[in-house]
file work_39.pdb (PDB, C-alpha atoms)
ATOM      1  CA  MET T 442      -8.795   7.998   4.869
ATOM      2  CA  ASN T 443      -8.124   5.425   7.541
ATOM      3  CA  ASN T 444      -5.545   5.879  10.300
ATOM      4  CA  THR T 445      -4.378   2.240  10.528
ATOM      5  CA  LEU T 446      -0.712   1.502   9.917
ATOM      6  CA  PHE T 447      -1.299  -0.821   6.958
ATOM      7  CA  VAL T 448      -3.673  -0.966   4.007
ATOM      8  CA  THR T 449      -4.764  -4.437   2.890
ATOM      9  CA  ALA T 450      -5.047  -5.692  -0.661
ATOM     10  CA  GLY T 451      -8.817  -5.872  -0.135
ATOM     11  CA  GLU T 452      -8.916  -2.195   0.800
ATOM     12  CA  ILE T 453      -6.757  -1.331  -2.208
ATOM     13  CA  ALA T 454      -9.135  -3.238  -4.511
ATOM     14  CA  LYS T 455     -12.195  -1.508  -3.103
ATOM     15  CA  GLU T 456     -10.676   1.992  -3.046
ATOM     16  CA  LEU T 457      -9.239   1.808  -6.570
ATOM     17  CA  GLY T 458     -12.111  -0.195  -8.079
ATOM     18  CA  ILE T 459      -9.872  -3.043  -9.218
ATOM     19  CA  SER T 460      -9.900  -6.824  -8.784
ATOM     20  CA  LYS T 461      -8.397  -8.397  -5.671
ATOM     21  CA  PRO T 462      -5.777 -10.328  -7.676
ATOM     22  CA  PHE T 463      -4.575  -7.083  -9.257
ATOM     23  CA  ALA T 464      -4.597  -5.381  -5.843
ATOM     24  CA  TYR T 465      -2.378  -8.182  -4.502
ATOM     25  CA  LYS T 466      -0.052  -7.632  -7.464
ATOM     26  CA  LEU T 467       0.166  -3.914  -6.637
ATOM     27  CA  ALA T 468       0.743  -4.674  -2.945
ATOM     28  CA  ARG T 469       3.516  -7.118  -3.865
ATOM     29  CA  GLN T 470       5.133  -4.520  -6.141
ATOM     30  CA  MET T 471       5.006  -1.814  -3.455
ATOM     31  CA  ASN T 472       6.417  -4.240  -0.882
ATOM     32  CA  GLU T 473       9.280  -5.125  -3.235
ATOM     33  CA  GLU T 474      10.051  -1.408  -3.573
ATOM     34  CA  LEU T 475      10.013  -1.018   0.210
ATOM     35  CA  GLU T 476      12.220  -4.092   0.701
ATOM     36  CA  ALA T 477      14.736  -2.639  -1.761
ATOM     37  CA  LYS T 478      14.871   0.415   0.505
ATOM     38  CA  GLY T 479      15.565  -1.817   3.519
ATOM     39  CA  PHE T 480      12.078  -1.943   5.076
ATOM     40  CA  LEU T 481      10.409  -5.052   6.476
ATOM     41  CA  THR T 482       7.082  -5.895   4.824
ATOM     42  CA  ILE T 483       4.010  -8.070   5.386
ATOM     43  CA  ALA T 484       2.515 -10.002   2.474
ATOM     44  CA  GLY T 485      -0.861  -8.652   1.377
ATOM     45  CA  ARG T 486      -0.418  -5.450   3.376
ATOM     46  CA  VAL T 487       1.372  -2.214   2.560
ATOM     47  CA  SER T 488       2.367   0.723   4.702
ATOM     48  CA  ARG T 489      -0.582   3.113   4.481
ATOM     49  CA  LYS T 490       1.811   6.065   4.323
ATOM     50  CA  TYR T 491       3.682   4.578   1.340
ATOM     51  CA  TYR T 492       0.415   3.618  -0.414
ATOM     52  CA  GLU T 493      -1.022   7.127  -0.009
ATOM     53  CA  GLU T 494       2.199   8.737  -1.234
ATOM     54  CA  LYS T 495       2.342   6.376  -4.221
ATOM     55  CA  PHE T 496      -1.273   6.773  -5.366
ATOM     56  CA  TYR T 497      -2.375  10.157  -4.091
ATOM     57  CA  GLY T 498       0.824  12.108  -3.499
ATOM     58  CA  ILE T 499      -0.236  12.542   0.127
ATOM     59  CA  THR T 500       2.602  13.145   2.542
ATOM     60  CA  LYS T 501       2.144  13.846   6.225
ATOM     61  CA  ALA T 502       4.642  15.518   8.505
ATOM     62  CA  ASP T 503       5.807  13.120  11.215
TER      63      ASP T 503
END
call {"tool": "encode", "arguments": {"input": "work_39.pdb", "output": "structure tokens"}}
result
Amino acid sequence: MNNTLFVTAGEIAKELGISKPFAYKLARQMNEELEAKGFLTIAGRVSRKYYEEKFYGITKAD
């Protein structure tokens, strides 16, 4: 897995084997969840940590 701070919708599409439009939909949904928790978000990008927790159950000690 990559060590960059954010995962892009393109990366999500490739990694999950889904279309880019659906990957953007997933990114938007995850960003809405993060915004509801008070986090700032960037359209088309999702916190890699949140993405990995959401899809793979991966959590890393900070």
call {"tool": "resolve_selection", "arguments": {"input": "work_39.pdb", "expression": "the PyMOL selection byres ((chain T and resi 490) around 10)", "output": "list of chain:residue names"}}
result
T:Asn444, T:Thr445, T:Leu446, T:Phe447, T:Val448, T:Val487, T:Ser488, T:Arg489, T:Tyr491, T:Tyr492, T:Glu493, T:Glu494, T:Lys495, T:Gly498, T:Ile499, T:Thr500, T:Lys501
call {"tool": "write_last_selection", "arguments": {"input": "work_39.pdb", "atoms": "C-alpha atoms", "output": "mmCIF file, keeping the file's coordinate frame"}}
result
data_model
loop_
_atom_site.group_PDB
_atom_site.id
_atom_site.type_symbol
_atom_site.label_atom_id
_atom_site.label_comp_id
_atom_site.auth_asym_id
_atom_site.auth_seq_id
_atom_site.Cartn_x
_atom_site.Cartn_y
_atom_site.Cartn_z
ATOM 1 C CA ASN T 444 -5.545 5.879 10.300
ATOM 2 C CA THR T 445 -4.378 2.240 10.528
ATOM 3 C CA LEU T 446 -0.712 1.502 9.917
ATOM 4 C CA PHE T 447 -1.299 -0.821 6.958
ATOM 5 C CA VAL T 448 -3.673 -0.966 4.007
ATOM 6 C CA VAL T 487 1.372 -2.214 2.560
ATOM 7 C CA SER T 488 2.367 0.723 4.702
ATOM 8 C CA ARG T 489 -0.582 3.113 4.481
ATOM 9 C CA TYR T 491 3.682 4.578 1.340
ATOM 10 C CA TYR T 492 0.415 3.618 -0.414
ATOM 11 C CA GLU T 493 -1.022 7.127 -0.009
ATOM 12 C CA GLU T 494 2.199 8.737 -1.234
ATOM 13 C CA LYS T 495 2.342 6.376 -4.221
ATOM 14 C CA GLY T 498 0.824 12.108 -3.499
ATOM 15 C CA ILE T 499 -0.236 12.542 0.127
ATOM 16 C CA THR T 500 2.602 13.145 2.542
ATOM 17 C CA LYS T 501 2.144 13.846 6.225
#
call {"tool": "closest_residue", "arguments": {"input": "work_39.pdb", "among": "T:Tyr465, T:Gln470, T:Leu481, T:Glu476", "to": "Thr449 (chain T)", "atoms": "all atoms listed in the file"}}
result
T:Tyr465
call {"tool": "closest_residue", "arguments": {"input": "work_39.pdb", "among": "T:Tyr497, T:Gly451, T:Leu457, T:Arg486", "to": "Arg469 (chain T)", "atoms": "all atoms listed in the file"}}
result
T:Arg486
call {"tool": "resolve_selection", "arguments": {"input": "work_39.pdb", "expression": "the PyMOL selection byres ((chain T and resi 454) around 12)", "output": "list in words"}}
result
Val448, Thr449, Ala450, Gly451, Glu452, Ile453, Lys455, Glu456, Leu457, Gly458, Ile459, Ser460, Lys461, Pro462, Phe463, Ala464, Tyr465, Lys466, Leu467, Ala468, Gly485 and Arg486 of chain T
